[in-house]
$ cat query.cif   # mmCIF, C-alpha atoms
data_start
#
loop_
_atom_site.label_atom_id
_atom_site.label_comp_id
_atom_site.auth_asym_id
_atom_site.auth_seq_id
_atom_site.Cartn_x
_atom_site.Cartn_y
_atom_site.Cartn_z
CA MET V 1 54.50 -45.61 -47.23
CA ARG V 2 54.64 -41.97 -46.16
CA CYS V 3 51.06 -41.49 -47.38
CA ILE V 4 49.82 -44.54 -45.48
CA ALA V 5 51.63 -43.41 -42.33
CA ALA V 6 50.11 -39.95 -42.59
CA ILE V 7 46.62 -41.38 -42.97
CA ALA V 8 47.11 -43.68 -39.96
CA PHE V 9 48.39 -40.80 -37.82
CA THR V 10 45.41 -38.63 -38.78
CA PHE V 11 42.97 -41.43 -37.90
CA LEU V 12 44.59 -41.99 -34.49
CA LEU V 13 44.51 -38.25 -33.76
CA ALA V 14 40.84 -37.95 -34.68
CA THR V 15 39.97 -41.00 -32.58
CA SER V 16 41.88 -39.61 -29.62
CA CYS V 17 40.23 -36.17 -29.87
CA SER V 18 36.80 -37.77 -30.21
CA SER V 19 37.26 -39.87 -27.07
CA GLN V 20 38.53 -36.89 -25.10
CA SER V 21 35.57 -34.63 -26.00
CA GLN V 22 32.83 -37.17 -25.28
CA GLY V 23 30.31 -35.87 -22.71
CA ARG V 24 28.94 -37.76 -19.72
CA LEU V 25 25.46 -37.92 -18.21
CA VAL V 26 25.76 -38.36 -14.45
CA SER V 27 22.82 -38.73 -12.08
CA GLY V 28 22.76 -36.95 -8.74
CA GLU V 29 20.51 -35.81 -5.91
CA GLN V 30 20.43 -32.72 -3.71
CA LEU V 31 17.98 -31.93 -0.91
CA THR V 32 17.41 -28.17 -1.11
CA GLU V 33 15.94 -25.85 1.50
CA VAL V 34 14.68 -22.37 0.66
CA ARG V 35 13.66 -20.10 3.52
CA GLU V 36 12.00 -16.70 3.18
CA LYS V 37 10.84 -14.18 5.75
CA LEU V 38 7.44 -12.72 4.92
CA GLU V 39 6.24 -9.75 6.91
CA TYR V 40 2.54 -9.06 6.57
CA TYR V 41 -0.56 -7.17 7.63
CA LEU V 42 -3.56 -9.15 8.80
CA TYR V 43 -6.89 -7.36 8.98
CA TYR V 44 -9.67 -8.58 11.28
CA PRO V 45 -13.26 -7.39 10.68
CA PRO V 46 -15.06 -5.64 13.57
CA ASN V 47 -17.15 -8.65 14.58
CA TYR V 48 -14.20 -11.06 14.74
CA PRO V 49 -13.96 -12.84 18.14
CA GLU V 50 -11.00 -11.94 20.35
CA ASP V 51 -10.76 -15.15 22.37
CA GLY V 52 -7.19 -15.89 21.27
CA GLN V 53 -7.98 -19.60 20.99
CA THR V 54 -7.41 -21.86 18.00
CA PRO V 55 -10.94 -22.30 16.61
CA GLY V 56 -12.76 -25.59 16.20
CA GLN V 57 -14.29 -26.62 12.91
CA ASP V 58 -17.71 -25.23 13.87
CA GLN V 59 -16.17 -21.81 14.61
CA ARG V 60 -14.60 -21.23 11.19
CA THR V 61 -17.09 -18.71 9.91
CA PHE V 62 -15.03 -15.92 8.30
CA GLY V 63 -13.65 -15.60 4.80
CA LEU V 64 -10.05 -14.64 4.00
CA LEU V 65 -8.74 -12.48 1.16
CA VAL V 66 -5.08 -13.05 0.27
CA PHE V 67 -3.68 -9.93 -1.44
CA LEU V 68 -0.34 -9.80 -3.28
CA HIS V 69 1.10 -6.36 -4.10
CA GLY V 70 3.00 -5.28 -7.21
CA GLY V 71 6.73 -4.90 -7.73
CA GLY V 72 6.75 -1.26 -6.72
CA ASP V 73 5.83 -2.10 -3.13
CA ALA V 74 8.45 -4.79 -2.59
CA GLY V 75 10.99 -4.05 0.13
CA ASN V 76 11.21 -4.00 3.89
CA SER V 77 8.67 -1.35 4.88
CA LEU V 78 5.14 -2.56 5.51
CA GLU V 79 3.96 1.05 5.35
CA GLN V 80 4.30 0.81 1.57
CA LEU V 81 1.44 -1.68 1.44
CA LYS V 82 -1.02 0.89 2.76
CA ALA V 83 -0.80 2.86 -0.49
CA GLN V 84 -2.43 0.30 -2.80
CA GLY V 85 -5.14 -2.31 -3.08
CA PRO V 86 -7.23 -3.67 -0.20
CA PRO V 87 -4.97 -2.18 2.54
CA LYS V 88 -5.61 1.30 1.10
CA ARG V 89 -9.30 0.48 0.76
CA LEU V 90 -9.45 -0.53 4.43
CA LEU V 91 -7.81 2.70 5.59
CA GLU V 92 -10.33 4.73 3.61
CA GLY V 93 -13.26 2.57 4.77
CA PRO V 94 -15.73 1.04 5.01
CA ASP V 95 -14.81 -2.23 6.71
CA LEU V 96 -14.72 -5.55 4.87
CA PRO V 97 -16.64 -8.65 6.04
CA PHE V 98 -13.63 -10.98 5.86
CA LEU V 99 -10.02 -11.13 7.02
CA VAL V 100 -7.36 -9.72 4.69
CA LEU V 101 -3.82 -11.11 4.58
CA ALA V 102 -1.32 -8.82 2.83
CA PRO V 103 2.26 -10.17 2.87
CA GLN V 104 5.19 -8.14 1.60
CA HIS V 105 7.73 -9.51 -0.86
CA GLY V 106 11.18 -8.36 0.22
CA GLU V 107 13.01 -8.39 -3.11
CA ALA V 108 12.43 -5.68 -5.72
CA ARG V 109 13.77 -7.65 -8.70
CA THR V 110 12.60 -11.20 -8.08
CA TRP V 111 9.26 -12.95 -8.42
CA TRP V 112 7.06 -13.88 -5.51
CA ASN V 113 8.01 -17.13 -3.80
CA THR V 114 4.56 -18.66 -4.13
CA ARG V 115 5.44 -21.71 -2.05
CA ALA V 116 6.40 -19.45 0.85
CA VAL V 117 3.19 -17.46 0.40
CA MET V 118 1.13 -20.63 0.48
CA GLU V 119 2.86 -21.77 3.66
CA LEU V 120 1.94 -18.46 5.30
CA VAL V 121 -1.65 -18.68 4.10
CA ARG V 122 -2.11 -22.17 5.52
CA GLU V 123 -0.64 -21.05 8.86
CA VAL V 124 -3.02 -18.08 9.07
CA VAL V 125 -6.01 -20.24 8.13
CA ASP V 126 -5.09 -22.85 10.73
CA LYS V 127 -4.86 -20.32 13.59
CA ASN V 128 -7.92 -18.18 12.87
CA HIS V 129 -11.69 -18.48 12.51
CA ILE V 130 -11.48 -18.92 8.74
CA ASP V 131 -13.87 -20.97 6.65
CA PRO V 132 -11.74 -23.09 4.23
CA SER V 133 -14.46 -22.78 1.60
CA ARG V 134 -14.20 -18.96 1.58
CA ILE V 135 -10.55 -18.18 0.80
CA TYR V 136 -10.10 -15.57 -1.94
CA LEU V 137 -7.06 -14.56 -3.96
CA SER V 138 -6.22 -11.18 -5.46
CA GLY V 139 -3.22 -9.23 -6.66
CA LEU V 140 -2.03 -6.41 -8.88
CA SER V 141 0.73 -6.31 -11.50
CA ARG V 142 3.51 -8.68 -10.37
CA GLY V 143 1.24 -9.83 -7.56
CA ALA V 144 -1.49 -10.67 -10.07
CA SER V 145 0.99 -12.78 -12.02
CA ALA V 146 1.77 -14.67 -8.81
CA CYS V 147 -1.96 -15.20 -8.25
CA TRP V 148 -2.22 -17.14 -11.51
CA GLU V 149 0.68 -19.31 -10.37
CA LEU V 150 -0.87 -19.91 -6.94
CA ALA V 151 -4.22 -20.82 -8.48
CA VAL V 152 -2.53 -23.34 -10.79
CA GLN V 153 -0.44 -24.88 -8.02
CA ASN V 154 -3.40 -25.11 -5.60
CA PRO V 155 -6.44 -25.78 -7.81
CA ASP V 156 -8.66 -27.00 -4.95
CA TYR V 157 -7.98 -24.20 -2.48
CA PHE V 158 -9.34 -20.82 -3.53
CA ALA V 159 -13.02 -19.91 -3.83
CA ALA V 160 -12.44 -17.02 -6.26
CA MET V 161 -9.71 -14.89 -7.79
CA ALA V 162 -9.54 -11.22 -8.81
CA VAL V 163 -6.46 -10.11 -10.76
CA VAL V 164 -5.50 -6.61 -11.86
CA CYS V 165 -3.16 -5.88 -14.81
CA GLY V 166 -0.95 -8.94 -14.40
CA MET V 167 0.83 -11.28 -16.75
CA ALA V 168 -1.48 -14.19 -17.48
CA PRO V 169 0.08 -17.16 -19.33
CA ALA V 170 -2.78 -18.48 -21.47
CA PRO V 171 -1.74 -22.18 -21.11
CA TYR V 172 -2.53 -21.85 -17.38
CA ALA V 173 -6.21 -21.79 -18.32
CA HIS V 174 -6.19 -25.57 -18.77
CA TRP V 175 -4.77 -26.17 -15.28
CA LEU V 176 -7.07 -23.93 -13.26
CA ASP V 177 -10.01 -25.24 -11.28
CA PRO V 178 -12.85 -25.05 -13.84
CA GLU V 179 -15.30 -24.15 -11.05
CA MET V 180 -13.33 -21.16 -9.68
CA PRO V 181 -14.82 -17.80 -10.72
CA ILE V 182 -12.29 -15.21 -11.95
CA TRP V 183 -12.57 -11.45 -12.35
CA MET V 184 -9.89 -9.71 -14.43
CA PHE V 185 -9.10 -5.99 -14.79
CA HIS V 186 -6.76 -4.31 -17.28
CA GLY V 187 -6.20 -0.97 -19.01
CA THR V 188 -6.00 -0.92 -22.81
CA GLU V 189 -3.00 1.45 -22.82
CA ASP V 190 -0.86 -0.46 -20.31
CA GLU V 191 2.80 -0.10 -21.33
CA VAL V 192 4.19 -2.20 -18.47
CA ILE V 193 2.16 -5.40 -18.85
CA PRO V 194 0.34 -5.37 -22.21
CA PHE V 195 -3.43 -5.46 -22.28
CA SER V 196 -3.13 -8.45 -24.60
CA GLU V 197 -1.98 -10.60 -21.65
CA SER V 198 -5.40 -10.40 -20.00
CA LEU V 199 -7.33 -10.33 -23.27
CA GLU V 200 -5.79 -13.60 -24.47
CA MET V 201 -6.40 -15.28 -21.13
CA ALA V 202 -10.00 -14.06 -20.98
CA ASP V 203 -10.63 -15.37 -24.49
CA LYS V 204 -9.09 -18.72 -23.59
CA LEU V 205 -11.17 -19.05 -20.42
CA GLU V 206 -14.37 -18.13 -22.24
CA ALA V 207 -13.59 -20.69 -24.95
CA LEU V 208 -13.27 -23.31 -22.22
CA GLY V 209 -16.63 -22.30 -20.77
CA ARG V 210 -15.17 -20.96 -17.51
CA ASN V 211 -16.76 -18.43 -15.15
CA VAL V 212 -14.76 -15.29 -16.02
CA ARG V 213 -15.49 -11.57 -15.91
CA PHE V 214 -13.24 -9.08 -17.69
CA THR V 215 -13.38 -5.37 -16.91
CA VAL V 216 -11.62 -3.31 -19.57
CA TYR V 217 -10.51 0.23 -18.76
CA GLU V 218 -10.41 2.02 -22.09
CA GLY V 219 -7.54 4.47 -22.52
CA MET V 220 -5.99 3.73 -19.11
CA GLY V 221 -2.40 2.64 -18.46
CA HIS V 222 -0.85 0.32 -15.90
CA ASN V 223 -2.26 1.86 -12.74
CA VAL V 224 -5.85 0.72 -12.88
CA TRP V 225 -5.77 -0.83 -9.41
CA ASP V 226 -7.09 2.30 -7.69
CA LYS V 227 -10.18 2.09 -9.85
CA ALA V 228 -10.52 -1.69 -9.54
CA TYR V 229 -10.13 -1.88 -5.77
CA GLY V 230 -12.12 1.30 -5.32
CA ASP V 231 -15.19 -0.46 -6.70
CA PRO V 232 -17.26 -1.85 -3.78
CA GLU V 233 -18.83 -4.39 -6.15
CA LEU V 234 -15.53 -6.28 -6.28
CA PHE V 235 -15.55 -7.00 -2.54
CA GLU V 236 -19.25 -7.82 -2.55
CA TRP V 237 -18.58 -10.28 -5.37
CA LEU V 238 -15.69 -11.90 -3.50
CA ALA V 239 -17.70 -12.23 -0.27
CA ALA V 240 -20.47 -14.03 -2.15
CA GLN V 241 -18.19 -16.79 -3.46
CA ARG V 242 -17.83 -20.16 -1.77
CA ARG V 243 -16.32 -23.50 -2.74
CA ASP V 244 -18.71 -26.44 -2.75
#

$ encode --input "query.cif" --output "structure tokens"
Amino acid sequence: MRCIAAIAFTFLLATSCSSQSQGRLVSGEQLTEVREKLEYYLYYPPNYPEDGQTPGQDQRTFGLLVFLHGGGDAGNSLEQLKAQGPPKRLLEGPDLPFLVLAPQHGEARTWWNTRAVMELVREVVDKNHIDPSRIYLSGLSRGASACWELAVQNPDYFAAMAVVCGMAPAPYAHWLDPEMPIWMFHGTEDEVIPFSESLEMADKLEALGRNVRFTVYEGMGHNVWDKAYGDPELFEWLAAQRRD
């Protein structure tokens, strides 16, 4: 009888413990709101009209380049943006034939909020003489990584993309607009974001038959953006692109 009682007690204890540790799957819903302040520079070419009026459809004749900086220029000082990329190129001259929007990401250790960036872009496009078929996307390092994300999230928006030494998830290749031309730049000795990131993406895009150019800087490290954005051919190439 003692043996039977012991077995019964053990069974009841195990059953009790099992019922107490059982998990639950509960459904729920939460409406979230994320707000982000984006300070920015907006460049207007010399022949841009100064009427101050919201343009009609027949007045949208200028292209727009959206430029996203790297992690080193994140913060709260717009002056930092003048040291790299298209803003630096504009200060050194010559002028560019399209508008340039250069927002600043305020957080040094977080990724770009691409939804906030896209909201800013649409606002700038809506209020200026910008041709929706001539909106270009470019970025360096962390900004280049955000460009891939923006192009995936908005596959029918950008006319072309130029990315410099950024992380490039190869699976994104399947989600990009197959008609959007892409120009990639990367140094073979990059110790921050490996050269293999761009190489694998370029190979994937070529295998899919996409319009991709890949400029390889042999023996160069992470900072290849001065060379990339210092090449006038890049801006000529961008200005020649248009969505059908």

$ resolve_selection --input "query.cif" --expression "the PyMOL selection byres ((chain V and resi 201-216) around 9)" --output "list in words"
Ala168, Pro169, Ala170, Pro171, Tyr172, Ala173, His174, Pro178, Glu179, Met180, Pro181, Ile182, Trp183, Met184, Phe185, His186, Gly187, Thr188, Phe195, Ser196, Glu197, Ser198, Leu199, Glu200, Tyr217, Glu218 and Ala228 of chain V

$ write_last_selection --input "query.cif" --atoms "C-alpha atoms" --output "mmCIF file, in the frame of the given file"
data_model
loop_
_atom_site.group_PDB
_atom_site.id
_atom_site.type_symbol
_atom_site.label_atom_id
_atom_site.label_comp_id
_atom_site.auth_asym_id
_atom_site.auth_seq_id
_atom_site.Cartn_x
_atom_site.Cartn_y
_atom_site.Cartn_z
ATOM 1 C CA ALA V 168 -1.480 -14.190 -17.480
ATOM 2 C CA PRO V 169 0.080 -17.160 -19.330
ATOM 3 C CA ALA V 170 -2.780 -18.480 -21.470
ATOM 4 C CA PRO V 171 -1.740 -22.180 -21.110
ATOM 5 C CA TYR V 172 -2.530 -21.850 -17.380
ATOM 6 C CA ALA V 173 -6.210 -21.790 -18.320
ATOM 7 C CA HIS V 174 -6.190 -25.570 -18.770
ATOM 8 C CA PRO V 178 -12.850 -25.050 -13.840
ATOM 9 C CA GLU V 179 -15.300 -24.150 -11.050
ATOM 10 C CA MET V 180 -13.330 -21.160 -9.680
ATOM 11 C CA PRO V 181 -14.820 -17.800 -10.720
ATOM 12 C CA ILE V 182 -12.290 -15.210 -11.950
ATOM 13 C CA TRP V 183 -12.570 -11.450 -12.350
ATOM 14 C CA MET V 184 -9.890 -9.710 -14.430
ATOM 15 C CA PHE V 185 -9.100 -5.990 -14.790
ATOM 16 C CA HIS V 186 -6.760 -4.310 -17.280
ATOM 17 C CA GLY V 187 -6.200 -0.970 -19.010
ATOM 18 C CA THR V 188 -6.000 -0.920 -22.810
ATOM 19 C CA PHE V 195 -3.430 -5.460 -22.280
ATOM 20 C CA SER V 196 -3.130 -8.450 -24.600
ATOM 21 C CA GLU V 197 -1.980 -10.600 -21.650
ATOM 22 C CA SER V 198 -5.400 -10.400 -20.000
ATOM 23 C CA LEU V 199 -7.330 -10.330 -23.270
ATOM 24 C CA GLU V 200 -5.790 -13.600 -24.470
ATOM 25 C CA TYR V 217 -10.510 0.230 -18.760
ATOM 26 C CA GLU V 218 -10.410 2.020 -22.090
ATOM 27 C CA ALA V 228 -10.520 -1.690 -9.540
#

$ atom_distance --input "query.cif" --atom1 "CA of Gly28 (chain V)" --atom2 "CA of Gln153 (chain V)"
26.2 Å

$ atom_distance --input "query.cif" --atom1 "CA of Ser77 (chain V)" --atom2 "CA of Gln104 (chain V)"
8.3 Å

$ atom_distance --input "query.cif" --atom1 "CA of Gly93 (chain V)" --atom2 "CA of Ala240 (chain V)"
19.4 Å

$ resolve_selection --input "query.cif" --expression "the PyMOL selection byres ((chain V and resi 130) around 8)" --output "list in words"
Arg60, Thr61, Phe62, Gly63, Leu64, Val125, Asp126, Asn128, His129, Asp131, Pro132 and Arg134 of chain V

$ closest_residue --input "query.cif" --among "V:Pro97, V:Pro103, V:Gly219, V:Pro232" --to "Lys82 (chain V)" --atoms "all atoms listed in the file"
V:Pro103

$ residues_near_point --input "query.cif" --point "(-3.4, -8.2, 2.8)" --cutoff "12 Å" --atoms "only C-alpha atoms" --output "PyMOL selection string"
chain V and resi 38-44+64-69+78+80-90+96+98-105+117+120-121+124+136-140+143

$ build_atoms --input "query.cif" --residues "region 159-177 of chain V" --atoms "N, CA, C and O atoms" --output "PDB file, in the coordinates of the input"
ATOM      1  N   ALA V 159     -11.613 -19.992  -3.438  1.00  0.00           N
ATOM      2  CA  ALA V 159     -13.020 -19.910  -3.830  1.00  0.00           C
ATOM      3  C   ALA V 159     -13.224 -18.958  -5.002  1.00  0.00           C
ATOM      4  O   ALA V 159     -14.202 -19.090  -5.743  1.00  0.00           O
ATOM      5  N   ALA V 160     -12.326 -17.985  -5.170  1.00  0.00           N
ATOM      6  CA  ALA V 160     -12.440 -17.020  -6.260  1.00  0.00           C
ATOM      7  C   ALA V 160     -11.134 -16.269  -6.386  1.00  0.00           C
ATOM      8  O   ALA V 160     -10.335 -16.217  -5.447  1.00  0.00           O
ATOM      9  N   MET V 161     -10.929 -15.649  -7.561  1.00  0.00           N
ATOM     10  CA  MET V 161      -9.710 -14.890  -7.790  1.00  0.00           C
ATOM     11  C   MET V 161     -10.026 -13.615  -8.565  1.00  0.00           C
ATOM     12  O   MET V 161     -10.786 -13.640  -9.535  1.00  0.00           O
ATOM     13  N   ALA V 162      -9.422 -12.501  -8.113  1.00  0.00           N
ATOM     14  CA  ALA V 162      -9.540 -11.220  -8.810  1.00  0.00           C
ATOM     15  C   ALA V 162      -8.137 -10.712  -9.096  1.00  0.00           C
ATOM     16  O   ALA V 162      -7.337 -10.543  -8.168  1.00  0.00           O
ATOM     17  N   VAL V 163      -7.822 -10.487 -10.377  1.00  0.00           N
ATOM     18  CA  VAL V 163      -6.460 -10.110 -10.760  1.00  0.00           C
ATOM     19  C   VAL V 163      -6.491  -8.816 -11.571  1.00  0.00           C
ATOM     20  O   VAL V 163      -7.328  -8.637 -12.457  1.00  0.00           O
ATOM     21  N   VAL V 164      -5.527  -7.935 -11.256  1.00  0.00           N
ATOM     22  CA  VAL V 164      -5.500  -6.610 -11.860  1.00  0.00           C
ATOM     23  C   VAL V 164      -4.188  -6.412 -12.615  1.00  0.00           C
ATOM     24  O   VAL V 164      -3.108  -6.471 -12.027  1.00  0.00           O
ATOM     25  N   CYS V 165      -4.271  -6.209 -13.905  1.00  0.00           N
ATOM     26  CA  CYS V 165      -3.160  -5.880 -14.810  1.00  0.00           C
ATOM     27  C   CYS V 165      -1.909  -6.739 -14.612  1.00  0.00           C
ATOM     28  O   CYS V 165      -0.803  -6.226 -14.515  1.00  0.00           O
ATOM     29  N   GLY V 166      -2.095  -8.035 -14.568  1.00  0.00           N
ATOM     30  CA  GLY V 166      -0.950  -8.940 -14.400  1.00  0.00           C
ATOM     31  C   GLY V 166      -0.662  -9.747 -15.643  1.00  0.00           C
ATOM     32  O   GLY V 166      -1.494  -9.839 -16.553  1.00  0.00           O
ATOM     33  N   MET V 167       0.525 -10.336 -15.689  1.00  0.00           N
ATOM     34  CA  MET V 167       0.830 -11.280 -16.750  1.00  0.00           C
ATOM     35  C   MET V 167       0.014 -12.547 -16.527  1.00  0.00           C
ATOM     36  O   MET V 167      -0.073 -13.034 -15.408  1.00  0.00           O
ATOM     37  N   ALA V 168      -0.566 -13.062 -17.602  1.00  0.00           N
ATOM     38  CA  ALA V 168      -1.480 -14.190 -17.480  1.00  0.00           C
ATOM     39  C   ALA V 168      -1.160 -15.217 -18.571  1.00  0.00           C
ATOM     40  O   ALA V 168      -1.733 -15.152 -19.663  1.00  0.00           O
ATOM     41  N   PRO V 169      -0.267 -16.154 -18.314  1.00  0.00           N
ATOM     42  CA  PRO V 169       0.080 -17.160 -19.330  1.00  0.00           C
ATOM     43  C   PRO V 169      -1.150 -17.970 -19.753  1.00  0.00           C
ATOM     44  O   PRO V 169      -1.722 -18.707 -18.944  1.00  0.00           O
ATOM     45  N   ALA V 170      -1.550 -17.841 -20.999  1.00  0.00           N
ATOM     46  CA  ALA V 170      -2.780 -18.480 -21.470  1.00  0.00           C
ATOM     47  C   ALA V 170      -2.821 -19.998 -21.247  1.00  0.00           C
ATOM     48  O   ALA V 170      -3.893 -20.546 -20.969  1.00  0.00           O
ATOM     49  N   PRO V 171      -1.673 -20.734 -21.363  1.00  0.00           N
ATOM     50  CA  PRO V 171      -1.740 -22.180 -21.110  1.00  0.00           C
ATOM     51  C   PRO V 171      -2.208 -22.527 -19.697  1.00  0.00           C
ATOM     52  O   PRO V 171      -2.699 -23.638 -19.460  1.00  0.00           O
ATOM     53  N   TYR V 172      -2.063 -21.590 -18.745  1.00  0.00           N
ATOM     54  CA  TYR V 172      -2.530 -21.850 -17.380  1.00  0.00           C
ATOM     55  C   TYR V 172      -4.028 -22.134 -17.351  1.00  0.00           C
ATOM     56  O   TYR V 172      -4.521 -22.775 -16.417  1.00  0.00           O
ATOM     57  N   ALA V 173      -4.755 -21.639 -18.322  1.00  0.00           N
ATOM     58  CA  ALA V 173      -6.210 -21.790 -18.320  1.00  0.00           C
ATOM     59  C   ALA V 173      -6.636 -23.246 -18.207  1.00  0.00           C
ATOM     60  O   ALA V 173      -7.654 -23.569 -17.591  1.00  0.00           O
ATOM     61  N   HIS V 174      -5.846 -24.151 -18.785  1.00  0.00           N
ATOM     62  CA  HIS V 174      -6.190 -25.570 -18.770  1.00  0.00           C
ATOM     63  C   HIS V 174      -5.948 -26.206 -17.399  1.00  0.00           C
ATOM     64  O   HIS V 174      -6.479 -27.284 -17.126  1.00  0.00           O
ATOM     65  N   TRP V 175      -5.143 -25.571 -16.558  1.00  0.00           N
ATOM     66  CA  TRP V 175      -4.770 -26.170 -15.280  1.00  0.00           C
ATOM     67  C   TRP V 175      -5.543 -25.593 -14.099  1.00  0.00           C
ATOM     68  O   TRP V 175      -5.435 -26.080 -12.982  1.00  0.00           O
ATOM     69  N   LEU V 176      -6.306 -24.554 -14.335  1.00  0.00           N
ATOM     70  CA  LEU V 176      -7.070 -23.930 -13.260  1.00  0.00           C
ATOM     71  C   LEU V 176      -8.293 -24.770 -12.906  1.00  0.00           C
ATOM     72  O   LEU V 176      -8.802 -25.538 -13.731  1.00  0.00           O
ATOM     73  N   ASP V 177      -8.772 -24.601 -11.681  1.00  0.00           N
ATOM     74  CA  ASP V 177     -10.010 -25.240 -11.280  1.00  0.00           C
ATOM     75  C   ASP V 177     -11.142 -24.696 -12.159  1.00  0.00           C
ATOM     76  O   ASP V 177     -11.413 -23.494 -12.152  1.00  0.00           O
TER      77      ASP V 177
END
